[in-house]
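**Q** upload29.txt is reproduced in full below (compact mmCIF, C-alpha atoms).
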# COMPACT_ATOMS: atom_id res chain seq x y z
CA MET A 1 0.00 0.00 0.00
CA GLY A 2 1.40 3.37 -0.93
CA TYR A 3 0.95 6.85 -2.31
CA LEU A 4 1.09 8.17 -5.86
CA ILE A 5 2.27 11.78 -5.87
CA VAL A 6 1.31 13.96 -8.85
CA ASN A 7 2.85 17.30 -9.78
CA ALA A 8 0.99 18.43 -12.90
CA GLY A 9 2.41 21.47 -14.65
CA SER A 10 2.00 23.31 -17.92
CA SER A 11 5.06 21.74 -19.58
CA SER A 12 5.48 18.47 -17.71
CA LEU A 13 3.80 15.88 -15.52
CA LYS A 14 5.95 14.55 -12.67
CA MET A 15 4.94 11.58 -10.56
CA ALA A 16 6.41 9.44 -7.82
CA TRP A 17 5.31 6.39 -5.83
CA PHE A 18 6.11 6.07 -2.13
CA CYS A 19 5.57 3.02 0.02
CA GLU A 20 3.86 3.36 3.41
CA GLN A 21 7.26 3.90 5.04
CA LEU A 22 7.66 6.95 2.77
CA GLU A 23 10.48 5.45 0.72
CA ARG A 24 10.45 6.59 -2.90
CA ARG A 25 10.37 3.53 -5.18
CA LEU A 26 9.37 4.96 -8.57
CA ASN A 27 9.65 8.25 -10.44
CA ALA A 28 7.93 9.15 -13.70
CA LEU A 29 7.97 12.10 -16.07
CA VAL A 30 6.10 13.25 -19.15
CA ASP A 31 7.70 16.17 -20.96
CA TYR A 32 4.92 17.74 -23.05
CA HIS A 33 7.53 19.19 -25.41
CA GLU A 34 8.39 15.67 -26.61
CA SER A 35 6.70 14.41 -29.75
CA PRO A 36 5.50 11.72 -29.74
CA GLY A 37 4.62 11.86 -26.05
CA MET A 38 6.60 9.57 -23.75
CA LEU A 39 6.23 8.49 -20.13
CA ARG A 40 9.66 7.77 -18.67
CA CYS A 41 10.05 5.85 -15.41
CA TRP A 42 13.00 5.50 -13.03
CA ASP A 43 13.41 3.07 -10.15
CA SER A 44 14.70 3.93 -6.68
CA SER A 45 18.33 3.66 -7.84
CA GLY A 46 17.79 6.33 -10.48
CA SER A 47 18.05 3.88 -13.38
CA GLU A 48 15.55 4.32 -16.19
CA SER A 49 13.31 1.26 -16.00
CA GLU A 50 10.49 1.80 -18.50
CA ILE A 51 9.60 4.06 -21.41
CA HIS A 52 5.97 4.12 -22.53
CA ARG A 53 4.75 5.82 -25.67
CA LEU A 54 1.53 7.73 -25.02
CA PRO A 55 -1.34 6.99 -27.42
CA SER A 56 -1.46 9.81 -29.95
CA GLU A 57 -5.25 9.96 -29.85
CA ALA A 58 -5.45 10.24 -26.05
CA GLU A 59 -5.19 13.28 -23.78
CA PRO A 60 -1.55 13.11 -22.51
CA MET A 61 -2.26 13.61 -18.81
CA SER A 62 -5.06 11.05 -18.62
CA ALA A 63 -3.08 8.53 -20.65
CA ALA A 64 0.03 8.98 -18.50
CA LEU A 65 -1.91 8.62 -15.24
CA GLU A 66 -3.54 5.43 -16.50
CA ILE A 67 -0.15 3.97 -17.44
CA ILE A 68 1.52 4.91 -14.15
CA MET A 69 -1.38 3.49 -12.13
CA ALA A 70 -1.07 0.19 -14.01
CA GLU A 71 2.73 0.26 -13.56
CA CYS A 72 2.40 0.77 -9.80
CA ARG A 73 -0.07 -2.09 -9.48
CA ASN A 74 2.01 -4.41 -11.64
CA VAL A 75 5.22 -3.72 -9.73
CA PHE A 76 4.00 -3.14 -6.18
CA GLY A 77 0.70 -5.05 -6.02
CA ALA A 78 -3.01 -4.57 -6.64
CA ASP A 79 -3.41 -2.21 -3.65
CA ALA A 80 -0.29 -0.20 -4.45
CA VAL A 81 -2.10 3.14 -4.72
CA HIS A 82 -4.22 3.90 -1.69
CA THR A 83 -4.12 7.70 -1.97
CA VAL A 84 -3.10 10.16 -4.67
CA GLY A 85 -1.42 13.32 -3.41
CA HIS A 86 -1.22 16.49 -5.50
CA ARG A 87 0.89 19.60 -5.38
CA VAL A 88 -1.46 22.57 -5.70
CA VAL A 89 0.20 25.95 -5.99
CA HIS A 90 -2.55 28.17 -4.58
CA GLY A 91 -4.85 27.50 -1.64
CA GLY A 92 -6.22 31.04 -1.32
CA THR A 93 -7.51 32.07 2.10
CA ARG A 94 -9.59 28.91 2.53
CA TYR A 95 -6.95 26.18 2.45
CA ARG A 96 -4.43 26.64 5.24
CA ALA A 97 -3.33 22.98 5.44
CA PRO A 98 -3.40 19.80 3.30
CA VAL A 99 -6.91 18.43 2.75
CA ARG A 100 -8.66 15.29 1.51
CA LEU A 101 -10.55 16.42 -1.56
CA ASP A 102 -14.21 16.27 -2.47
CA GLU A 103 -16.10 17.79 -5.42
CA THR A 104 -16.64 21.07 -3.57
CA ASP A 105 -12.90 21.43 -3.00
CA ILE A 106 -12.10 20.76 -6.66
CA THR A 107 -14.50 23.49 -7.74
CA ALA A 108 -13.03 25.92 -5.19
CA LEU A 109 -9.47 25.21 -6.33
CA ALA A 110 -10.38 25.73 -9.99
CA ALA A 111 -11.78 29.15 -9.07
CA LEU A 112 -8.31 30.19 -7.86
CA ALA A 113 -6.80 29.80 -11.35
CA PRO A 114 -6.57 33.58 -11.98
CA LEU A 115 -4.20 33.86 -9.00
CA ALA A 116 -1.74 31.33 -10.47
CA PRO A 117 -2.53 30.96 -14.18
CA GLN A 118 0.73 29.14 -15.00
CA HIS A 119 0.10 26.42 -12.42
CA GLN A 120 -3.37 26.10 -10.91
CA PRO A 121 -5.29 24.97 -14.03
CA PHE A 122 -2.85 22.11 -14.55
CA ASN A 123 -2.83 21.12 -10.87
CA VAL A 124 -6.63 20.92 -10.96
CA ALA A 125 -6.60 19.04 -14.28
CA GLY A 126 -4.55 16.28 -12.65
CA ILE A 127 -7.05 16.01 -9.79
CA GLU A 128 -9.99 15.91 -12.20
CA ALA A 129 -8.33 13.23 -14.35
CA ILE A 130 -7.89 10.94 -11.34
CA ALA A 131 -11.45 11.62 -10.15
CA ARG A 132 -12.84 10.62 -13.56
CA ALA A 133 -10.78 7.48 -13.97
CA TYR A 134 -10.74 6.29 -10.34
CA PRO A 135 -13.77 7.84 -8.61
CA GLY A 136 -13.35 5.85 -5.40
CA LEU A 137 -9.70 6.73 -4.85
CA ALA A 138 -8.82 9.16 -2.05
CA GLN A 139 -7.08 12.34 -3.17
CA VAL A 140 -5.15 14.86 -1.08
CA ALA A 141 -4.16 18.40 -2.05
CA CYS A 142 -1.04 19.97 -0.53
CA PHE A 143 -0.64 23.69 -1.03
CA ASP A 144 2.45 25.79 -1.72
CA THR A 145 0.78 28.67 0.10
CA ALA A 146 -0.04 26.75 3.30
CA PHE A 147 3.46 26.80 4.84
CA HIS A 148 3.39 30.61 4.87
CA GLN A 149 0.23 30.86 6.98
CA SER A 150 2.53 31.39 9.97
CA GLN A 151 3.60 34.79 8.67
CA PRO A 152 2.48 37.73 10.83
CA GLU A 153 -0.52 39.70 9.60
CA VAL A 154 1.67 42.74 8.99
CA VAL A 155 3.53 40.67 6.39
CA GLN A 156 0.35 39.34 4.81
CA ARG A 157 -1.16 42.80 4.40
CA LEU A 158 -0.65 44.92 1.30
CA ALA A 159 -1.04 48.71 1.35
CA VAL A 160 -4.32 48.64 -0.55
CA PRO A 161 -7.93 49.30 0.57
CA ARG A 162 -8.94 47.03 3.45
CA ILE A 163 -11.80 45.55 1.47
CA TRP A 164 -9.27 44.13 -1.00
CA PHE A 165 -7.53 42.28 1.83
CA ASP A 166 -10.88 40.88 2.97
CA GLN A 167 -11.45 39.68 -0.60
CA GLY A 168 -8.15 37.77 -0.62
CA VAL A 169 -5.70 40.33 -2.03
CA ARG A 170 -2.77 39.69 0.29
CA HIS A 171 0.81 38.44 0.53
CA TYR A 172 0.61 34.64 0.24
CA GLY A 173 4.05 33.24 -0.61
CA PHE A 174 4.78 30.10 -2.62
CA HIS A 175 7.26 27.16 -2.86
CA GLY A 176 5.94 26.22 0.57
CA LEU A 177 6.32 22.46 0.10
CA SER A 178 10.00 22.95 -0.71
CA TYR A 179 10.49 25.19 2.33
CA GLU A 180 8.68 22.70 4.55
CA TYR A 181 11.06 19.97 3.42
CA ILE A 182 14.16 22.13 4.02
CA ALA A 183 12.89 23.17 7.45
CA GLY A 184 12.62 19.48 8.33
CA ARG A 185 16.11 18.68 7.02
CA LEU A 186 17.65 21.51 9.06
CA GLY A 187 16.83 19.62 12.23
CA GLU A 188 19.31 16.95 11.10
CA LEU A 189 21.90 19.17 9.40
CA ASP A 190 22.07 22.23 11.58
CA PRO A 191 19.98 22.12 14.78
CA ALA A 192 21.05 25.64 15.77
CA ALA A 193 19.77 27.00 12.46
CA ALA A 194 16.60 24.92 12.74
CA THR A 195 15.72 26.75 15.93
CA GLY A 196 17.33 30.02 14.85
CA ARG A 197 17.35 32.33 11.83
CA THR A 198 17.65 30.83 8.36
CA ILE A 199 17.05 32.03 4.81
CA VAL A 200 16.26 29.40 2.19
CA ALA A 201 16.97 30.36 -1.43
CA HIS A 202 14.79 28.24 -3.71
CA LEU A 203 16.39 29.22 -7.01
CA GLY A 204 15.16 27.61 -10.21
CA HIS A 205 13.01 28.48 -13.20
CA GLY A 206 10.71 29.79 -10.50
CA ALA A 207 12.65 31.44 -7.69
CA SER A 208 11.93 32.80 -4.24
CA LEU A 209 13.45 33.27 -0.79
CA CYS A 210 11.99 32.43 2.61
CA ALA A 211 12.99 33.69 6.06
CA LEU A 212 12.61 30.96 8.70
CA LYS A 213 12.63 31.54 12.43
CA ASN A 214 12.43 28.39 14.53
CA GLY A 215 11.45 26.52 11.36
CA ARG A 216 8.44 28.73 10.63
CA SER A 217 7.95 31.09 7.70
CA ILE A 218 8.30 34.72 8.80
CA ASP A 219 8.46 36.35 5.36
CA THR A 220 9.04 35.36 1.75
CA SER A 221 9.89 37.18 -1.46
CA MET A 222 6.85 35.98 -3.45
CA GLY A 223 3.60 37.66 -2.52
CA PHE A 224 0.12 37.80 -4.02
CA SER A 225 1.15 35.92 -7.14
CA THR A 226 4.02 33.85 -8.48
CA LEU A 227 5.20 36.95 -10.37
CA ASP A 228 6.52 38.69 -7.26
CA GLY A 229 10.01 38.87 -5.78
CA LEU A 230 13.06 37.64 -7.67
CA PRO A 231 13.33 37.71 -11.47
CA MET A 232 12.87 34.15 -12.73
CA GLY A 233 13.23 32.15 -15.91
CA THR A 234 10.39 33.88 -17.73
CA ARG A 235 8.65 35.81 -14.92
CA CYS A 236 9.42 39.44 -14.14
CA GLY A 237 9.73 39.38 -10.35
CA ARG A 238 8.98 42.49 -8.31
CA LEU A 239 7.79 45.30 -10.57
CA ASP A 240 6.56 48.83 -10.02
CA PRO A 241 2.79 48.67 -10.78
CA GLY A 242 3.24 51.98 -12.55
CA VAL A 243 4.85 50.03 -15.39
CA LEU A 244 1.57 48.18 -15.92
CA LEU A 245 -0.47 51.37 -15.73
CA TYR A 246 1.83 52.90 -18.33
CA TRP A 247 1.38 50.04 -20.79
CA LEU A 248 -2.37 49.88 -20.22
CA ALA A 249 -2.52 53.59 -21.04
CA GLN A 250 -0.63 52.81 -24.25
CA GLY A 251 -3.45 50.47 -25.27
CA GLN A 252 -1.93 47.10 -24.34
CA ALA A 253 -4.56 44.46 -23.54
CA PRO A 254 -4.48 42.89 -20.06
CA GLU A 255 -4.13 39.44 -21.65
CA THR A 256 -1.03 40.60 -23.54
CA LEU A 257 0.51 42.01 -20.37
CA ARG A 258 -0.18 38.78 -18.50
CA ASP A 259 1.55 36.79 -21.24
CA VAL A 260 4.57 39.11 -21.25
CA LEU A 261 4.98 39.12 -17.46
CA TYR A 262 4.60 35.36 -17.04
CA ASN A 263 6.19 34.02 -20.22
CA HIS A 264 8.53 36.58 -21.80
CA SER A 265 10.23 38.40 -18.92
CA GLY A 266 12.85 37.44 -16.34
CA LEU A 267 16.07 35.89 -17.62
CA LEU A 268 14.50 35.37 -21.04
CA GLY A 269 13.34 38.96 -21.31
CA VAL A 270 16.66 40.52 -20.27
CA SER A 271 18.91 38.16 -22.24
CA GLY A 272 16.64 38.09 -25.26
CA PHE A 273 17.37 34.44 -26.02
CA SER A 274 17.21 32.03 -23.06
CA ASP A 275 15.46 31.37 -19.74
CA ASP A 276 17.98 28.65 -18.81
CA MET A 277 20.73 29.71 -16.39
CA ARG A 278 23.03 26.99 -17.77
CA VAL A 279 22.79 28.49 -21.26
CA LEU A 280 23.36 32.00 -19.94
CA LEU A 281 26.43 30.99 -17.92
CA ALA A 282 27.90 29.36 -21.04
CA SER A 283 27.21 32.43 -23.18
CA GLU A 284 29.73 35.21 -23.78
CA THR A 285 27.13 37.79 -24.81
CA ALA A 286 26.65 41.06 -22.94
CA GLU A 287 22.93 40.37 -22.73
CA ALA A 288 23.50 37.07 -20.90
CA ALA A 289 25.88 38.80 -18.49
CA GLU A 290 23.27 41.47 -17.79
CA ALA A 291 20.58 38.87 -17.06
CA ILE A 292 22.88 37.00 -14.67
CA ALA A 293 24.00 40.20 -12.95
CA LEU A 294 20.39 41.30 -12.41
CA PHE A 295 19.42 37.90 -10.97
CA VAL A 296 22.37 37.90 -8.56
CA TYR A 297 21.83 41.52 -7.54
CA ARG A 298 18.16 40.95 -6.76
CA CYS A 299 19.00 37.82 -4.74
CA ILE A 300 21.51 39.79 -2.66
CA ALA A 301 19.08 42.68 -2.15
CA GLU A 302 16.19 40.42 -1.14
CA ILE A 303 18.40 38.39 1.21
CA GLY A 304 19.50 41.64 2.85
CA ALA A 305 15.88 42.62 3.43
CA LEU A 306 15.07 39.24 4.99
CA VAL A 307 18.15 39.43 7.24
CA ALA A 308 16.75 42.70 8.57
CA VAL A 309 13.37 41.04 9.19
CA LEU A 310 15.04 38.15 11.05
CA GLY A 311 17.39 40.43 13.00
CA GLY A 312 20.44 38.48 11.86
CA LEU A 313 21.28 35.24 10.13
CA ASP A 314 22.54 31.84 11.25
CA ALA A 315 22.33 29.88 8.00
CA LEU A 316 21.68 30.30 4.28
CA VAL A 317 20.42 27.27 2.34
CA PHE A 318 20.50 26.98 -1.45
CA THR A 319 18.03 24.65 -3.18
CA GLY A 320 16.20 24.34 -6.52
CA GLY A 321 17.73 23.74 -9.95
CA ILE A 322 19.97 26.85 -9.91
CA GLY A 323 20.56 26.79 -6.18
CA GLU A 324 21.69 23.16 -6.22
CA HIS A 325 23.68 23.07 -9.46
CA ALA A 326 24.96 26.55 -10.39
CA ALA A 327 28.11 26.97 -8.29
CA PRO A 328 29.06 30.30 -9.96
CA ILE A 329 25.70 31.81 -8.97
CA ARG A 330 26.11 30.67 -5.37
CA GLU A 331 29.62 32.13 -5.34
CA ARG A 332 28.46 35.52 -6.63
CA ILE A 333 25.55 35.72 -4.21
CA VAL A 334 27.73 34.85 -1.23
CA ALA A 335 30.35 37.40 -2.33
CA GLY A 336 27.67 40.08 -2.09
CA LEU A 337 26.92 39.04 1.48
CA ASP A 338 30.50 39.42 2.73
CA TRP A 339 29.33 42.13 5.15
CA LEU A 340 27.43 39.45 7.06
CA GLY A 341 30.61 37.56 7.81
CA VAL A 342 29.76 34.87 5.27
CA ARG A 343 32.81 32.91 4.11
CA LEU A 344 32.53 30.47 1.20
CA ASP A 345 34.70 27.39 0.80
CA PRO A 346 35.45 27.57 -2.98
CA ARG A 347 36.41 23.90 -3.32
CA ALA A 348 33.33 22.65 -1.49
CA ASN A 349 31.15 24.98 -3.54
CA ALA A 350 32.66 23.83 -6.84
CA ASP A 351 32.20 20.19 -5.79
CA GLY A 352 28.56 20.74 -4.85
CA ALA A 353 29.14 19.64 -1.27
CA LEU A 354 26.38 19.66 1.31
CA GLY A 355 28.15 22.25 3.46
CA ILE A 356 29.95 24.99 1.52
CA SER A 357 31.00 27.47 4.23
CA ARG A 358 34.47 27.83 5.74
CA PRO A 359 34.94 27.03 9.43
CA ASP A 360 35.36 30.75 10.19
CA SER A 361 32.09 31.74 8.50
CA VAL A 362 29.64 33.49 10.83
CA VAL A 363 26.77 32.20 8.66
CA ARG A 364 26.67 28.52 7.77
CA LEU A 365 26.05 27.73 4.09
CA TRP A 366 24.25 24.63 2.85
CA VAL A 367 23.24 23.14 -0.50
CA VAL A 368 20.25 20.84 -0.02
CA SER A 369 18.25 18.97 -2.67
CA THR A 370 14.59 19.61 -1.97
CA ASP A 371 11.93 16.89 -2.12
CA GLU A 372 8.41 18.28 -2.38
CA GLU A 373 7.02 14.85 -3.28
CA GLN A 374 8.15 13.35 0.03
CA VAL A 375 6.42 16.14 1.93
CA ILE A 376 3.19 15.43 0.04
CA ALA A 377 3.50 11.69 0.76
CA MET A 378 3.99 12.46 4.45
CA HIS A 379 0.79 14.52 4.52
CA CYS A 380 -1.09 11.79 2.65
CA ARG A 381 -0.10 9.23 5.28
CA ARG A 382 -1.02 11.54 8.13
CA LEU A 383 -4.45 12.36 6.72
CA GLU A 384 -5.05 8.71 5.93
CA ARG A 385 -4.37 7.77 9.55
CA VAL A 386 -6.64 10.56 10.78
CA ALA A 387 -9.43 9.35 8.52
CA SER A 388 -9.04 5.77 9.78
CA GLY A 389 -8.89 6.87 13.42
CA GLY A 390 -5.31 5.64 13.71
What's the structure tokens form of this structure?
**A**
Amino acid sequence: MGYLIVNAGSSSLKMAWFCEQLERRLNALVDYHESPGMLRCWDSSGSESEIHRLPSEAEPMSAALEIIMAECRNVFGADAVHTVGHRVVHGGTRYRAPVRLDETDITALAALAPLAPQHQPFNVAGIEAIARAYPGLAQVACFDTAFHQSQPEVVQRLAVPRIWFDQGVRHYGFHGLSYEYIAGRLGELDPAAATGRTIVAHLGHGASLCALKNGRSIDTSMGFSTLDGLPMGTRCGRLDPGVLLYWLAQGQAPETLRDVLYNHSGLLGVSGFSDDMRVLLASETAEAAEAIALFVYRCIAEIGALVAVLGGLDALVFTGGIGEHAAPIRERIVAGLDWLGVRLDPRANADGALGISRPDSVVRLWVVSTDEEQVIAMHCRRLERVASGG
């Protein structure tokens, strides 16, 4: 008996199967850019075990879910999937913790799509596909916004009319499942930081920072939407709203602005040719250098702001695709934090070690691979036990 974890996005479908002891035994991926569509599976050792071609006449998500359900049952037994857990980016003001889903919940989550248009529709589509194909199967939604419910109200408020706040216009924060995982790992890696002041830098195609005090979210760089905070692969990051008013006055349609801000800004917008940090680091163009410099600068500036909120800093943790794999970016960010007494170990950083700070560093530096799927599986098991009275 185990848990199938589904992370349905706009460009890919990621899945994983965990046994009841929360050990990951199977990973699967559909990259929607591939033609013909393929479902690729990996076992617990990381070796590719199966490749399935998706039927060309079928809807890719539904076909992939059907194949992975059959694969789980064939490999792990007829009762292999007891609960399906989903990453859902936005929980709004209603969903403050993981929840077992019913039809009312699915409708409510679909209504939040305007708050996260790049993510929410696809998260909900995965839930609906399972509900159609396996109507008796329990489903759990885990929210990226839920971890940040611990933030003080002064952080959640925006300086807009009070009625807007009451209608849900507030600072939410995202990447919460990643931050929850890192907060848990800190208890093993760095107990002093786990009970102290830590900033986690989740740097990837989507990027944000989170200030943790005693393992709880105090503030985070993303706010009302996933556009806020750091510049990202294709998203603009923090932006003066006057820019939008200017373009609206020039006759730009809201739909066009949404597309530009979500899909054509960030690293792609500044460089003019790529949203991939690996490509930019390998490029010798001035435009690539400008995009990298802006990303690093904004990381340093946002970290400085969060240090002020925390009243100091005990540890800085890098995670996410860029945070885990781009040693030059880590080096440049840390160099900009020299005033904090941060000292980087260049060899450890280049080698991608777990700890990358020198012994004399006032702030401890870590590189930790995040695991949002394990957090979701943990919540599935907990809710399952609650439901059974265990």
**Q** Which residue is closest to Arg94 of chain A? Choose from A:Ser62, A:Thr145, A:Ser361, A:Ser44 and count all atoms listed in the file.
**A**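 The answer is A:Thr145, which sits nearest to Arg94 of chain A.
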**Q** Calculate how many Å separate atom CA of Val367 of chain A from atom CA of Gly355 of chain A, rounding to one decimal.
**A**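 Calculated distance between atom CA of Val367 of chain A and atom CA of Gly355 of chain A is 6.4 Å.
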**Q** If we count all atoms listed in the file, what is near Gln139 of chain A at a cut-off of 6 Å, once residues fewer than 6 positions away on the same chain are taken out, given as a PDB file with C-alpha atoms, in the frame of the given file?
**A**
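Output file around36.pdb is given in full below:
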ATOM      1  CA  THR A  83      -4.120   7.700  -1.970  1.00  0.00           C
ATOM      2  CA  VAL A  84      -3.100  10.160  -4.670  1.00  0.00           C
ATOM      3  CA  GLY A  85      -1.420  13.320  -3.410  1.00  0.00           C
ATOM      4  CA  ARG A 100      -8.660  15.290   1.510  1.00  0.00           C
ATOM      5  CA  LEU A 101     -10.550  16.420  -1.560  1.00  0.00           C
TER       6      LEU A 101
END
**Q** So, counting all atoms listed in the file, which residue among A:Ala141, A:Thr107, A:Pro55, A:Glu128 is closest to Glu373 of chain A?
**A**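 Of all the options, A:Ala141 lies closest to Glu373 of chain A.
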**Q** What's the 12 Å shell around Ala326 of chain A, counting all atoms listed in the file, without same-chain residues fewer than 2 positions away, as a list of chain:residue names?
**A**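 Using all atoms listed in the file, the neighbours found are A:Leu203, A:Gly204, A:Asp276, A:Met277, A:Arg278, A:Val279, A:Leu280, A:Leu281, A:Ala282, A:Ile292, A:Val296, A:Phe318, A:Thr319, A:Gly320, A:Gly321, A:Ile322, A:Gly323, A:Glu324, A:Pro328, A:Ile329, A:Arg330, A:Glu331, A:Arg332, A:Ile333, A:Asn349, A:Ala350, A:Asp351, A:Gly352, A:Val367.
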**Q** Just checking: using all atoms listed in the file, which residue out of A:Ala207, A:Leu245, A:Val309, A:Leu109 ends up closest to Gly266 of chain A?
**A**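 Closest candidate: A:Ala207.
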**Q** With 9 Å as the threshold, what does the neighbourhood of (-11.1, 26.5, 2.1) contain in terms of residues, counting all atoms listed in the file? Coordinates are those of the file; answer as a PyMOL selection string.
**A** chain A and resi 91-96+105+108-109
**Q** Could you please take those selected residues and save C-alpha atoms as a compact mmCIF listing (two decimals), in the frame of the given file?
**A**
# COMPACT_ATOMS: atom_id res chain seq x y z
CA GLY A 91 -4.85 27.50 -1.64
CA GLY A 92 -6.22 31.04 -1.32
CA THR A 93 -7.51 32.07 2.10
CA ARG A 94 -9.59 28.91 2.53
CA TYR A 95 -6.95 26.18 2.45
CA ARG A 96 -4.43 26.64 5.24
CA ASP A 105 -12.90 21.43 -3.00
CA ALA A 108 -13.03 25.92 -5.19
CA LEU A 109 -9.47 25.21 -6.33
**Q** Under the rule that all atoms listed in the file are counted, which of A:Glu302, A:Glu284, A:Asp228, A:Glu188 is the nearest residue to Gly206 of chain A?
**A**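 Closest residue, counting all atoms listed in the file: A:Asp228.
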**Q** Restricting the calculation to all atoms listed in the file, which member of A:Ala193, A:Leu26, A:Val154, A:Met222 is positioned closest to Arg238 of chain A?
**A**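 Result for the nearest residue to Arg238 of chain A: A:Met222.
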**Q** Expressed in Å to a single decimal, how great is the separation between atom CA of Val362 of chain A and atom CA of Ile218 of chain A?
**A**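 Spanning atom CA of Val362 of chain A to atom CA of Ile218 of chain A is a straight-line distance of 21.5 Å.
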**Q** Considering only C-alpha atoms, can you say which of A:Gly9, A:Val375, A:Asp102, A:Glu50 comes closest to Pro135 of chain A?
**A**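 Ranked by minimum distance to Pro135 of chain A, first place goes to A:Asp102.
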**Q** Would you compute the distance between atom CA of Val155 of chain A and atom CA of Pro114 of chain A? Give it in Å to one decimal.
**A**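 Computing it gives 22.1 Å between the two atoms.
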**Q** Can you tell me which residues surround Gly215 of chain A at a distance of at most 9 Å, considering all atoms listed in the file, apart from same-chain residues fewer than 3 positions away, and format the answer as number ranges by chain?
**A** A: 180, 182-184, 186-187, 193-198, 212
**Q** Would you be able to write out as a list in words which residues have an atom within 12 Å of (-10.3, 11.5, -15.9) in the file's coordinates, counting only C-alpha atoms?
**A**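 Here the neighbourhood of the point contains Ala58, Glu59, Pro60, Met61, Ser62, Ala63, Ala64, Leu65, Glu66, Val124, Ala125, Gly126, Ile127, Glu128, Ala129, Ile130, Ala131, Arg132, Ala133, Tyr134 and Pro135 of chain A.
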**Q** Applying 6 Å and all atoms listed in the file, which residues near segment 162-174 of chain A remain after dropping the ones on its own chain fewer than 6 positions away? List them as a list in words.
**A** Asp144, Thr145, Gln156, Thr220, Met222, Gly223 and Phe224 of chain A
**Q** Within 12 Å of Asp360 of chain A, counting only C-alpha atoms, which residues qualify if same-chain residues fewer than 5 places away don't, as number ranges by chain?
**A** A: 341-345, 365
**Q** Please rebuild segment 69-84 of chain A with N, CA and C atoms and return the result as a CSV table (one decimal), keeping the file's coordinate frame.
**A**
chain,number,residue,atom,x,y,z
A,69,MET,N,-0.6,4.3,-13.1
A,69,MET,CA,-1.4,3.5,-12.1
A,69,MET,C,-1.2,2.0,-12.4
A,70,ALA,N,-1.3,1.6,-13.7
A,70,ALA,CA,-1.1,0.2,-14.0
A,70,ALA,C,0.3,-0.3,-13.7
A,71,GLU,N,1.3,0.6,-13.9
A,71,GLU,CA,2.7,0.3,-13.6
A,71,GLU,C,2.9,0.0,-12.1
A,72,CYS,N,2.3,0.9,-11.3
A,72,CYS,CA,2.4,0.8,-9.8
A,72,CYS,C,1.8,-0.5,-9.3
A,73,ARG,N,0.6,-0.9,-9.9
A,73,ARG,CA,-0.1,-2.1,-9.5
A,73,ARG,C,0.7,-3.3,-9.9
A,74,ASN,N,1.3,-3.3,-11.1
A,74,ASN,CA,2.0,-4.4,-11.6
A,74,ASN,C,3.3,-4.7,-10.8
A,75,VAL,N,3.9,-3.6,-10.4
A,75,VAL,CA,5.2,-3.7,-9.7
A,75,VAL,C,5.0,-3.9,-8.2
A,76,PHE,N,4.1,-3.2,-7.6
A,76,PHE,CA,4.0,-3.1,-6.2
A,76,PHE,C,2.8,-3.8,-5.6
A,77,GLY,N,1.9,-4.3,-6.5
A,77,GLY,CA,0.7,-5.0,-6.0
A,77,GLY,C,-0.6,-4.3,-6.3
A,78,ALA,N,-1.7,-5.1,-6.2
A,78,ALA,CA,-3.0,-4.6,-6.6
A,78,ALA,C,-3.4,-3.4,-5.8
A,79,ASP,N,-3.0,-3.3,-4.5
A,79,ASP,CA,-3.4,-2.2,-3.6
A,79,ASP,C,-2.3,-1.2,-3.5
A,80,ALA,N,-1.5,-1.1,-4.5
A,80,ALA,CA,-0.3,-0.2,-4.4
A,80,ALA,C,-0.7,1.3,-4.2
A,81,VAL,N,-1.7,1.7,-4.8
A,81,VAL,CA,-2.1,3.1,-4.7
A,81,VAL,C,-3.3,3.3,-3.8
A,82,HIS,N,-3.1,3.7,-2.6
A,82,HIS,CA,-4.2,3.9,-1.7
A,82,HIS,C,-4.7,5.3,-1.7
A,83,THR,N,-3.8,6.3,-2.0
A,83,THR,CA,-4.1,7.7,-2.0
A,83,THR,C,-3.3,8.4,-3.0
A,84,VAL,N,-3.8,9.3,-3.7
A,84,VAL,CA,-3.1,10.2,-4.7
A,84,VAL,C,-2.9,11.6,-4.1
